[in-house]
Amino acid sequence: MAASLLEVRDVTKRFGGFRALNGVSLDVREGERFGLIGPNGSGKTTLINCISGALRNESGRISFRGCDVTRLPAHQRTRLGIARSFQIPKPFTSMTVLENLCIPLEYAARDVARADVVDEAMAILRRMSLEDKASLLPGRLTQVDMRRLELARAMAAKPRLLISDEAMAGLSSAEVDALLPILFALNEQGITIIMIEHIMRAVMRFSERIAVLDAGEKIAEGPPDEIVKNKDVERAYLGE
Amino acid sequence: MRKRPTFVAVVSAVIIALIGTGVAVPAEPIKLGFGMALTGALAGNGKAALLSMQMWAEDVNKKGGLLGRRVELVYYDDQTKPATIPAIYTKLLDVDKVDLIVSGYGTNVIAPLIPLAMERNLTVVGLFGMANNEKFNYGRYFQIMPVGPNPPVDWSRGFFEVASKQSPKPATIAIVGADAEYPHNAMAGARKNAEQYGLKVVYDNKYPPSTVDFTPIVRAIKATNPDVVYVASYPPDTAGMIFAAHEVGLAPKMFGGGMVGLQFAALQTKLGAKLNGVVNYETWVPEPTLSFPGINDFLKRYQAQAAKAGVDPLGYYIAPFAYAYAQVLGLAVEGTKSLDQKKIADYLHGREMDTIVGKVKFGPNGEWAKPRMLHVQFQNIEGNDLEQFKRPGKRVVLYPEEWKSGTLIYPYAKARK
Amino acid sequence: MLSLDLLLNAIVAGILLGGFYAAVSLGISVAFGLLDIVNIAHPVFVVLGSYIAYALNSALGLDPLLTGLLGVPVFFALGVVVYRLYYASFEKTGEESLRGLVFFFGLLFIIEVALLLVYGVDYRMVEAAYIGDSLHIGSVGIALRLLVPCLVGIGMTVALYLVLSRTFWGRAIMAVSQDSQALRLMGANPVRIKTIAFGLSIATASLAGALLIVIGPVEPSIGREYIGRVFAIAVLGGMGSIGGTLAAGLILGVVETFTATYYGPSWALAVSFGILLVVLAVRPAGLFGR
Amino acid sequence: MKKGLPLLIAVGVLLAALVATRLVGNRYLYFAGYVIFQYVVLATAWNILGGYTGYVNFGTAGFFALGAYTATVLILAFKAPLPVQIVAGGLVSAVLGLGIGYLTLRLRGVFFSIATLALALVLQTFVMNWEYVGGAKGVSIIRPAAFPPFASYVEFLFFVMAALAVVSAMAAWWIENSWVGRGLAAIRDNEEAAECMGVPTLRLKLLATVVSGCFMGVAGAPFPYYVTLVEPVSAFSLDYAVNSLAMPMIGGTTTWIGPIVGAILLSTAQQVATVTISSELNLLIVGIVLVAFVLLAPQGIVGLVQRLAGRRRA
């Protein structure tokens with residue numbers, strides 16, 4: 001069994017009296033394609049926020065590459081190699097597509113020399129087929145390009161772990177088919193990927209292992225074919 | 001007549017300055033320059049003062065001007081902000097080339113003017129600034145406000161003089177005032193007077209000008225049970241203190257002292273009978289002892305124009321003095337037949353001058369040689385009618401003795417009823 | 001004995017003041033707390049209300065509270081207009097944070113100077129039967145001038161609470177403050193609901209303005225003194241909590257009164273702002289926040 | 001070339017200011033010029049936080065007054081020379097920026113704005129109760145006679161303020177074009193995304209608040225010698241808050257030149273209005289211009305010019 005890249009142990013997060021996450025534990029292995037699913041409001045995004053550092057969990061521990069990152073601010077986790085995309089794209093609106101990529105390249109990427117930032121950004125844009133939109137403002141991008149930019153920007157942080165938060169929500173199946181190979185290709189290069197997705201077809205095809213959250217608790221974990229058969233998962237999605 | 005420094009006037013002034021230096025042009029007017037609070041906190045008084053000065057210029061010009069030259073006022077809005085003063089007066093002196101300057105209204109705009117005048121050795125007459133010359137001791141500074149040679153102390157001397165003459169003689173005092181420039185000075189003076197007249201200070205506190213409710217303050221004062229309450233307040237807090245005193249039932253033997261706002265119609269008519277018994281400072285009131293030559297005529301003309309100018313309809317407090325401070329400067333110019341700043345200053349120091357506010361004589365520090373700050377008591381005020389404040393007997397002068405027009409109703413509760 | 005009197009009186013005076021503070025702050029609690037609109041011009045709308053009360057009082061002799069009530073629909077309409085402008089210019093494009101703030105700042109100046117041009121810098125007061133009278137219950141004195149605003153303030157709080165919790169539109173406003181996207185899915189138009197809510201928030205300024213001028217004289221720039229206070233109360237009360245606003249108003253009133261009575265009035269305001277700073281630093285959700 | 005240009009302009013402005021003090025006899029220009037340069041510093045300082053980072057500071061007056069009062073204390077206690085006052089004023093205001101930033105910058109921007117509003121009032125209350133600097137009455141400061149080689153002290157003040165304006169503009173230029181400025185812009189656009197892209201948001205915001213506060217204090221430090229009267233009401237005047245915010249808004253908030261353009265235009269207009277219109281209209285104009293710009297030209301004058309130039313090129 002390969003070493004864990006990300007270890008989540010008994011993480012609990014409350015909002016006032018509401019328990020959004022209740023003792024969730026996960027292990028994501030180096031190089032793995034990991035799926036995270038669950039009905040609306042099950043705590044997926046909260047868990048992602050806790051892993052990326054946007055939120056602090058009250059109890060439990062999160063380690064990345066063997067270091068405890070529970071108390072680290074988000075930007076330091078990004079520098080360690082955890083990058084994420086947002087469910088609702090959050091581009092830097094006053095900057096061009098290219099400049100959007102320069103921010104993580106300048107601030108988070110570990111081994112990109114300052115002089116190479118623009119070349120590196122262009123290389124990422126090419127891989128995402130965004131190179132001819134490099135000088136546009138994000139406001140003028142189409143929905144699918146916006147999603148691409150969101151992923152591209154996360155890539156520019158040069159992560160070891162990429163968390164893709166519903167990168168395909170609202171896209172047509174052709175567009176989904178265009179994005180998936182990109183994620184596969186990134187994984188080929190050795191980047192571990194956590195995919196949160198409502199589009200089951202995509203998650204099932206992509207993931208090697210899947211965890212299911214419901215009402216803040218992990219109810220199942222395993223390869224896609226097992227998850228599909230799991231009674232608890234069915235109940236969570238379809239109700240009693 | 002309103003003469004505003006228009007662009008044309010400025011340009012022509014510059015042109016005249018360029019081509020005409022050295023050549024005396026007989027028709028050229030004598031320019032009197034000043035900044036005045038036409039906006040900002042003190043604009044009410046500033047506008048009234050401006051109206052008076054325009055009346056003075058009109059009067060002088062009707063009589064053929066000064067030294068045979070017309071008088072022209074050049075003024076800018078100082079916005080009641082000291083920070084505008086250096087630029088305004090430098091412009092007046094260097095661009096508009098005014099011949100004479102006077103100050104705007106209030107202590108805080110006079111303070112930055114004195115060093116500027118000192119740098120250029122100019123004579124400057126001030127309009128209602130408290131103790132401005134204390135630090136500078138500038139020989140060419142004069143103050144028209146009739147406080148006296150020792151400003152902060154002379155300011156409230158009358159209040160304490162009157163108190164000390166009563167029997168039973170008051171023994172304790174509460175001093176309270178707003179956290180601002182004037183009350184700060186007035187309270188400092190009151191403390192000295194309290195010491196001098198042997199009153200024990202049992203309460204001494206400031207409140208921020210934004211205070212909404214004055215009843216806690218008045219109650220705290222009442223708890224110390226003082227014989228006398230000296231209040232140094234600005235108009236909104238004056239009203240707040242008087243309301244609170246009535247509501248809480250604060251009834252010392254004497255109440256008032258340095259409340260700003262009671263000099264003007266706006267508060268007088270609103271507070272009405274609540275004012276009865278309050279003893280407060282004044283500069284002029286329509287009492288028979290104070291009918292100096294020219295003042296009644298002046299006030300009649302002023303009151304006729306007041307509504308249109310949007311200023312205090314009575315104009316007793318500031319207007320005659322704003323006329324007078326220009327008047328003394330005019331007398332000095334005529335008397336010395338010159339615009340020489342030194343000669344003018346010497347003239348102003350040397351003699352007693354007749355003005356509409358009576359005989360004015362300046363002491364060595366530029367303040368009035370003899371204090372004439374009035375202390376009056378509100379008596380027999382009924383309802384909210386404005387006209388009653390134009391009649392004598394409503395604000396009787398208690399001090400100084402020389403101008404006394406009535407007697408104190410003592411204690412305060414008796415006058416208040 | 002004497003100090004017990006003083007203590008009781010300080011508490012009563014603080015409560016009276018607090019009720020009035022709540023009246024002034026309710027509008028901010030709705031606009032800022034529920035709608036996330038940082039209307040720093042709110043106090044100047046209150047002053048506008050004061051001047052309307054003054055104008056009608058001095059011309060027609062109307063009771064200031066009556067004019068305050070009469071002004072409610074007018075101010076509601078004014079609020080609707082302001083919100084429409086705000087929405088079209090900022091909220092729609094997502095630029096509300098910086099420019100919206102500046103917009104209200106500019107609005108504050110325009111209204112203030114407009115009042116200055118019409119009424120000048122002089123302090124204005126109103127006349128009403130209850131101004132100047134006071135009740136005495138034992139050793140505690142209650143000035144009607146302060147009691148009336150306090151009662152009206154409490155009444156406004158209760159009314160607003162009922163409107164928000166019991167009526168359809170009120171519940172819609174509460175829903176929109178939670179999640180406007182979800183509301184859109186349910187077929188309601190969040191912009192329309194927010195327009196009504198903002199109208200409501202400005203409408204409170206009409207009555208609050210009448211109260212302000214009942215308590216004491218008013219001049220055009222007096223609203224500035226209240227900007228800090230109302231936000232302090234809205235934050236302290238827990239963003240959008242109507243009951244919390246009243247509670248925070250009372251706390252601030254009592255704290256200011258106690259400081260004025262026992263320590264020295266000159267620190268009263270600083271103490272209440274000090275509390276605000278501490279709350280912001282330690283518990284930004286406010287004392288009664290969710 | 002691009003790097004050399006601002007430096008060239010800076011040297012040019014300073015030389016022009018120096019030459020002006022040699023040639024111009026009309027002292028009014030120094031006073032008026034001082035005020036304009038003072039607002040260039042304030043507007044630039046405000047913009048480093050407000051324009052680049054998107055955090056609105058309503059407390060400019062507090063930072064400015066802190067600079068002025070620091071200088072006042074130094075004058076009263078040690079008769080310290082002007083450069084010392086400026087450095088000290090900047091440092092003290094920078095520390096204030098650090099403090100208030102540390103307290104509130106973790107929260108949403110709005111809370112920071114409200115805190116700055118309250119802060120100015122709290123500071124003013126302290127000054128009002130501090131007798132050493134004259135309390136509410138204020139204190140008169142006597143300006144030194146002259147400072148060779150300048151003919152009068154006012155000329156020296158004018159030159160110093162011109163130099164401070166140049167320094168602050170260069171600082172803004174540097175920030176804008178460095179990794180710091182790009183990080184700040186990311187924070188302004190989307191703070192959460194910025195943090196997740198590795199931008200140390202809190203530290204950068206603190207840096208911006210400190211630099212911004214420092215320059216505001218620096219702008220206030222020469223104030224005692226300029227007015228010769230330091231009292232709380234005018235030192236904490238709302239004017240500074242309004243203008244330092246309106247000027248970048250009018251000029252344009254995203255570039256270093258925007259606040260300068262806004263400051264020069266607006267403060268010149270105010271200086272002219274003071275000596276011509278002389279009424280409340282003056283303030284009304286500021287309000288209306290401010291609202292008009294936020295509503296109609298959100299990118300300010302610089303943005304308008306850029307758009308026009310862009311159209312011509314296209």
# chains A, B, ... in the order shown; residues from 1 in each chain; ligands from 1
>>> interface_residues(of="chain D", to="chain C", cutoff="9 Å", atoms="only C-alpha atoms", output="PyMOL selection string")
chain D and resi 50-51+54-56+100+102-104+106-107+109-112+114-115+117-119+121-126+128-129+242+245-246+249+279-281+283-292+294-296+298
>>> write_last_selection(atoms="C-alpha atoms", output="mmCIF file, in the first residue's frame")
data_model
loop_
_atom_site.group_PDB
_atom_site.id
_atom_site.type_symbol
_atom_site.label_atom_id
_atom_site.label_comp_id
_atom_site.auth_asym_id
_atom_site.auth_seq_id
_atom_site.Cartn_x
_atom_site.Cartn_y
_atom_site.Cartn_z
ATOM 1 C CA GLY D 50 -8.518 51.256 -0.755
ATOM 2 C CA GLY D 51 -7.792 51.096 -4.451
ATOM 3 C CA GLY D 54 -10.337 47.090 -1.833
ATOM 4 C CA TYR D 55 -10.475 47.946 1.862
ATOM 5 C CA VAL D 56 -12.192 51.283 2.529
ATOM 6 C CA ILE D 100 -6.241 48.223 13.694
ATOM 7 C CA TYR D 102 -4.478 43.110 13.139
ATOM 8 C CA LEU D 103 -7.751 43.527 15.003
ATOM 9 C CA THR D 104 -10.115 43.690 12.060
ATOM 10 C CA ARG D 106 -9.373 38.992 9.350
ATOM 11 C CA LEU D 107 -12.998 40.017 8.962
ATOM 12 C CA GLY D 109 -13.837 44.550 4.606
ATOM 13 C CA VAL D 110 -16.879 46.323 5.898
ATOM 14 C CA PHE D 111 -15.945 45.690 9.509
ATOM 15 C CA PHE D 112 -12.570 47.199 8.874
ATOM 16 C CA ILE D 114 -16.525 50.643 10.517
ATOM 17 C CA ALA D 115 -13.607 50.106 12.847
ATOM 18 C CA LEU D 117 -14.619 55.177 11.607
ATOM 19 C CA ALA D 118 -14.777 54.423 15.308
ATOM 20 C CA LEU D 119 -11.020 54.593 15.648
ATOM 21 C CA LEU D 121 -13.416 59.168 17.128
ATOM 22 C CA VAL D 122 -11.685 57.276 19.920
ATOM 23 C CA LEU D 123 -8.352 58.901 19.068
ATOM 24 C CA GLN D 124 -9.988 62.312 19.012
ATOM 25 C CA THR D 125 -11.428 61.725 22.461
ATOM 26 C CA PHE D 126 -7.984 60.841 23.767
ATOM 27 C CA MET D 128 -9.291 66.095 23.684
ATOM 28 C CA ASN D 129 -8.418 64.842 27.141
ATOM 29 C CA VAL D 242 -13.775 62.580 2.402
ATOM 30 C CA LEU D 245 -11.425 58.800 -0.629
ATOM 31 C CA ALA D 246 -13.020 61.038 -3.252
ATOM 32 C CA MET D 249 -12.395 57.625 -6.866
ATOM 33 C CA SER D 279 -20.439 78.876 0.192
ATOM 34 C CA GLU D 280 -21.836 75.479 1.061
ATOM 35 C CA LEU D 281 -21.985 74.827 -2.668
ATOM 36 C CA LEU D 283 -19.139 70.868 -0.304
ATOM 37 C CA LEU D 284 -22.173 70.018 -2.370
ATOM 38 C CA ILE D 285 -20.012 69.908 -5.471
ATOM 39 C CA VAL D 286 -17.657 67.416 -3.844
ATOM 40 C CA GLY D 287 -20.600 65.198 -2.928
ATOM 41 C CA ILE D 288 -22.211 65.349 -6.343
ATOM 42 C CA VAL D 289 -18.954 64.841 -8.225
ATOM 43 C CA LEU D 290 -18.185 61.866 -5.997
ATOM 44 C CA VAL D 291 -21.548 60.206 -6.548
ATOM 45 C CA ALA D 292 -21.507 61.004 -10.258
ATOM 46 C CA VAL D 294 -18.996 56.251 -8.735
ATOM 47 C CA LEU D 295 -22.224 55.898 -10.694
ATOM 48 C CA LEU D 296 -21.125 56.892 -14.162
ATOM 49 C CA PRO D 298 -16.366 53.846 -11.979
#
>>> select_by_dssp(residues="chain A", states="strand (DSSP E)", output="ChimeraX atom specification")
/A:4-15,18-29,33-37,59-64,67-68,82-85,161-165,192-196,209-214,217-222
>>> write_last_selection(atoms="C-alpha atoms", output="short mmCIF file (atom, residue, chain, number, x, y, z; two decimals), in the first residue's frame")
data_model
loop_
_atom_site.label_atom_id
_atom_site.label_comp_id
_atom_site.auth_asym_id
_atom_site.auth_seq_id
_atom_site.Cartn_x
_atom_site.Cartn_y
_atom_site.Cartn_z
CA SER A 4 -0.88 8.43 2.32
CA LEU A 5 -0.51 11.84 0.76
CA LEU A 6 -3.46 13.30 2.64
CA GLU A 7 -4.72 12.06 5.97
CA VAL A 8 -7.96 13.34 7.44
CA ARG A 9 -8.62 12.13 10.97
CA ASP A 10 -11.90 12.62 12.85
CA VAL A 11 -12.55 16.08 11.47
CA THR A 12 -15.53 17.89 12.97
CA LYS A 13 -16.79 21.30 11.88
CA ARG A 14 -19.69 23.18 13.45
CA PHE A 15 -21.52 26.29 12.29
CA PHE A 18 -25.18 22.90 13.23
CA ARG A 19 -22.69 20.07 12.82
CA ALA A 20 -21.58 20.21 9.18
CA LEU A 21 -18.91 17.53 9.54
CA ASN A 22 -18.93 14.87 12.19
CA GLY A 23 -15.77 12.86 12.73
CA VAL A 24 -14.85 12.37 9.10
CA SER A 25 -11.67 10.41 8.27
CA LEU A 26 -10.12 9.87 4.86
CA ASP A 27 -6.86 8.68 3.37
CA VAL A 28 -5.82 9.72 -0.10
CA ARG A 29 -2.78 7.98 -1.54
CA ARG A 33 -7.77 9.57 -8.39
CA PHE A 34 -10.20 9.96 -5.52
CA GLY A 35 -13.91 10.74 -5.80
CA LEU A 36 -15.99 12.49 -3.16
CA ILE A 37 -19.75 12.37 -3.53
CA SER A 59 -11.41 18.99 16.22
CA GLY A 60 -9.57 16.33 14.31
CA ARG A 61 -6.35 16.42 12.39
CA ILE A 62 -5.37 16.95 8.77
CA SER A 63 -1.91 15.95 7.60
CA PHE A 64 -0.39 16.38 4.20
CA CYS A 67 3.04 17.17 8.21
CA ASP A 68 0.20 18.31 10.40
CA ILE A 82 -2.72 21.49 -2.01
CA ALA A 83 -4.55 23.42 -4.75
CA ARG A 84 -8.25 23.65 -5.41
CA SER A 85 -10.74 24.95 -7.88
CA LEU A 161 -2.88 17.34 -4.71
CA LEU A 162 -5.54 18.96 -6.87
CA ILE A 163 -9.03 19.26 -5.47
CA SER A 164 -11.58 19.83 -8.19
CA ASP A 165 -14.83 21.11 -6.68
CA THR A 192 -3.14 13.26 -6.99
CA ILE A 193 -6.69 14.38 -7.68
CA ILE A 194 -9.77 14.61 -5.48
CA MET A 195 -12.87 15.06 -7.61
CA ILE A 196 -16.11 16.29 -6.12
CA ARG A 209 -11.75 5.08 -5.08
CA ILE A 210 -14.81 6.97 -3.87
CA ALA A 211 -15.96 8.23 -0.47
CA VAL A 212 -19.59 9.09 0.20
CA LEU A 213 -20.69 11.77 2.66
CA ASP A 214 -24.15 12.14 4.07
CA GLU A 217 -20.62 11.71 8.07
CA LYS A 218 -18.76 9.30 5.83
CA ILE A 219 -21.13 6.48 5.05
CA ALA A 220 -19.12 4.50 2.53
CA GLU A 221 -15.73 4.25 0.87
CA GLY A 222 -14.43 1.96 -1.82
#
>>> select_by_dssp(residues="stretch 3-201 of chain A", states="alpha helix (DSSP H)", output="PyMOL selection string")
chain A and resi 44-52+74-80+97-107+117-127+143-156+173-188+200-201
>>> closest_atom_pairs(of="chain B", to="chain C", cutoff="9 Å", atoms="only C-alpha atoms", output="JSON lines")
{"residue": "B:Thr39", "atom": "CA", "partner": "C:Val121", "partner_atom": "CA", "distance": 7.8}
{"residue": "B:Gly40", "atom": "CA", "partner": "C:Val121", "partner_atom": "CA", "distance": 7.2}
{"residue": "B:Ala41", "atom": "CA", "partner": "C:Val121", "partner_atom": "CA", "distance": 6.6}
{"residue": "B:Leu42", "atom": "CA", "partner": "C:Val121", "partner_atom": "CA", "distance": 7.9}
{"residue": "B:Ala43", "atom": "CA", "partner": "C:Val121", "partner_atom": "CA", "distance": 6.7}
{"residue": "B:Gly44", "atom": "CA", "partner": "C:Val121", "partner_atom": "CA", "distance": 6.4}
{"residue": "B:Ala178", "atom": "CA", "partner": "C:Ser266", "partner_atom": "CA", "distance": 8.2}
{"residue": "B:Asp179", "atom": "CA", "partner": "C:Ser266", "partner_atom": "CA", "distance": 6.9}
{"residue": "B:Asp204", "atom": "CA", "partner": "C:Gly264", "partner_atom": "CA", "distance": 8.9}
{"residue": "B:Asn205", "atom": "CA", "partner": "C:Gly264", "partner_atom": "CA", "distance": 6.0}
{"residue": "B:Lys206", "atom": "CA", "partner": "C:Ser266", "partner_atom": "CA", "distance": 5.3}
{"residue": "B:Tyr207", "atom": "CA", "partner": "C:Ser266", "partner_atom": "CA", "distance": 4.0}
{"residue": "B:Pro208", "atom": "CA", "partner": "C:Ser266", "partner_atom": "CA", "distance": 4.9}
{"residue": "B:Pro209", "atom": "CA", "partner": "C:Ser266", "partner_atom": "CA", "distance": 8.7}
{"residue": "B:Ser210", "atom": "CA", "partner": "C:Glu225", "partner_atom": "CA", "distance": 6.1}
{"residue": "B:Thr211", "atom": "CA", "partner": "C:Leu269", "partner_atom": "CA", "distance": 7.9}
{"residue": "B:Val212", "atom": "CA", "partner": "C:Gly216", "partner_atom": "CA", "distance": 7.5}
{"residue": "B:Asp213", "atom": "CA", "partner": "C:Leu17", "partner_atom": "CA", "distance": 7.0}
{"residue": "B:Phe214", "atom": "CA", "partner": "C:Ala260", "partner_atom": "CA", "distance": 8.9}
{"residue": "B:Thr215", "atom": "CA", "partner": "C:Ala13", "partner_atom": "CA", "distance": 7.2}
{"residue": "B:Pro216", "atom": "CA", "partner": "C:Thr261", "partner_atom": "CA", "distance": 5.5}
{"residue": "B:Ile217", "atom": "CA", "partner": "C:Thr261", "partner_atom": "CA", "distance": 5.8}
{"residue": "B:Val218", "atom": "CA", "partner": "C:Thr261", "partner_atom": "CA", "distance": 8.7}
{"residue": "B:Arg219", "atom": "CA", "partner": "C:Leu6", "partner_atom": "CA", "distance": 7.1}
{"residue": "B:Ala220", "atom": "CA", "partner": "C:Thr261", "partner_atom": "CA", "distance": 5.5}
{"residue": "B:Ile221", "atom": "CA", "partner": "C:Thr261", "partner_atom": "CA", "distance": 8.8}
{"residue": "B:Ala223", "atom": "CA", "partner": "C:Leu2", "partner_atom": "CA", "distance": 7.1}
{"residue": "B:Pro235", "atom": "CA", "partner": "C:Tyr123", "partner_atom": "CA", "distance": 7.4}
{"residue": "B:Pro236", "atom": "CA", "partner": "C:Pro217", "partner_atom": "CA", "distance": 5.5}
{"residue": "B:Asp237", "atom": "CA", "partner": "C:Gly216", "partner_atom": "CA", "distance": 8.4}
{"residue": "B:Ala239", "atom": "CA", "partner": "C:Gly216", "partner_atom": "CA", "distance": 7.1}
{"residue": "B:Gly240", "atom": "CA", "partner": "C:Gly216", "partner_atom": "CA", "distance": 6.3}
{"residue": "B:Phe243", "atom": "CA", "partner": "C:Gly132", "partner_atom": "CA", "distance": 6.0}
{"residue": "B:Ala244", "atom": "CA", "partner": "C:Ala143", "partner_atom": "CA", "distance": 7.9}
{"residue": "B:His246", "atom": "CA", "partner": "C:Gly132", "partner_atom": "CA", "distance": 7.2}
{"residue": "B:Glu247", "atom": "CA", "partner": "C:Ser134", "partner_atom": "CA", "distance": 5.5}
{"residue": "B:Val248", "atom": "CA", "partner": "C:Gly141", "partner_atom": "CA", "distance": 6.3}
{"residue": "B:Gly249", "atom": "CA", "partner": "C:Gly141", "partner_atom": "CA", "distance": 8.9}
{"residue": "B:Ala266", "atom": "CA", "partner": "C:Tyr123", "partner_atom": "CA", "distance": 7.5}
{"residue": "B:Leu267", "atom": "CA", "partner": "C:Tyr123", "partner_atom": "CA", "distance": 8.1}
{"residue": "B:Lys270", "atom": "CA", "partner": "C:Met125", "partner_atom": "CA", "distance": 7.0}
{"residue": "B:Lys274", "atom": "CA", "partner": "C:Gly132", "partner_atom": "CA", "distance": 8.8}
{"residue": "B:Gly310", "atom": "CA", "partner": "C:Gly120", "partner_atom": "CA", "distance": 7.8}
>>> interface_residues(of="chain D", to="chain A", cutoff="9 Å", atoms="only C-alpha atoms", output="PyMOL selection string")
chain D and resi 179+182-183+185-190+192-201
>>> atom_distance(atom1="atom CA of D:Tyr225", atom2="atom CA of D:Val139")
11.6 Å
>>> interface_residues(of="chain B", to="chain D", cutoff="8 Å", atoms="only C-alpha atoms", output="PyMOL selection string")
chain B and resi 4-7+38-39+76-78+81-83+85-88+90-91+94-95+108+111-112+115+135+179-182+184-185+208
>>> residues_around(residues="C:Ile52", least_positions_apart="5", cutoff="12 Å", atoms="only C-alpha atoms", output="PyMOL selection string")
chain C and resi 45-47+57-60+62-72+74-75+115+118-119+124-126+205-213+218+220
>>> closest_residue(among="B:Lys300, B:Lys414, B:Lys192, B:Arg120", to="B:Tyr316", atoms="only C-alpha atoms")
B:Lys300
>>> residues_around(residues="B:Pro286", least_positions_apart="6", cutoff="10 Å", atoms="only C-alpha atoms", output="list in words")
Ile295, Asn296, Tyr316, Phe389, Lys390, Arg391, Pro392, Gly393, Lys394, Arg395, Val396 and Val397 of chain B
>>> atom_distance(atom1="atom CA of B:Gly33", atom2="atom CA of B:Val333")
14.8 Å
>>> residues_around(residues="B:Leu100", least_positions_apart="2", cutoff="8 Å", atoms="only C-alpha atoms", output="ChimeraX atom specification")
/B:30-33,98,102,123-124,339
>>> write_last_selection(atoms="N, CA and C atoms", output="PDB file, in the first residue's frame")
ATOM      1  N   ILE B  30      -9.100 101.495  -0.827  1.00  0.00           N
ATOM      2  CA  ILE B  30      -8.392 100.860   0.283  1.00  0.00           C
ATOM      3  C   ILE B  30      -9.041  99.508   0.503  1.00  0.00           C
ATOM      4  N   LYS B  31      -8.227  98.449   0.484  1.00  0.00           N
ATOM      5  CA  LYS B  31      -8.809  97.120   0.607  1.00  0.00           C
ATOM      6  C   LYS B  31      -8.620  96.584   2.021  1.00  0.00           C
ATOM      7  N   LEU B  32      -9.729  96.127   2.589  1.00  0.00           N
ATOM      8  CA  LEU B  32      -9.689  95.480   3.887  1.00  0.00           C
ATOM      9  C   LEU B  32      -9.940  93.990   3.671  1.00  0.00           C
ATOM     10  N   GLY B  33      -8.961  93.170   4.008  1.00  0.00           N
ATOM     11  CA  GLY B  33      -9.073  91.739   3.723  1.00  0.00           C
ATOM     12  C   GLY B  33      -9.302  90.917   4.967  1.00  0.00           C
ATOM     13  N   VAL B  98      -4.195  93.423  -0.282  1.00  0.00           N
ATOM     14  CA  VAL B  98      -5.022  94.231   0.605  1.00  0.00           C
ATOM     15  C   VAL B  98      -4.146  95.133   1.459  1.00  0.00           C
ATOM     16  N   VAL B 102      -8.229  92.199   9.017  1.00  0.00           N
ATOM     17  CA  VAL B 102      -8.809  91.896  10.319  1.00  0.00           C
ATOM     18  C   VAL B 102      -9.007  90.383  10.355  1.00  0.00           C
ATOM     19  N   THR B 123      -0.683  94.910  11.483  1.00  0.00           N
ATOM     20  CA  THR B 123      -1.634  95.135  12.563  1.00  0.00           C
ATOM     21  C   THR B 123      -2.866  94.282  12.289  1.00  0.00           C
ATOM     22  N   VAL B 124      -3.356  93.606  13.325  1.00  0.00           N
ATOM     23  CA  VAL B 124      -4.535  92.782  13.111  1.00  0.00           C
ATOM     24  C   VAL B 124      -5.508  92.957  14.273  1.00  0.00           C
ATOM     25  N   LEU B 339      -1.596 104.354   6.040  1.00  0.00           N
ATOM     26  CA  LEU B 339      -1.862 102.918   6.070  1.00  0.00           C
ATOM     27  C   LEU B 339      -0.665 102.187   6.676  1.00  0.00           C
TER      28      LEU B 339
END
>>> atom_distance(atom1="atom CA of A:Lys133", atom2="atom CA of A:Leu98")
8.3 Å
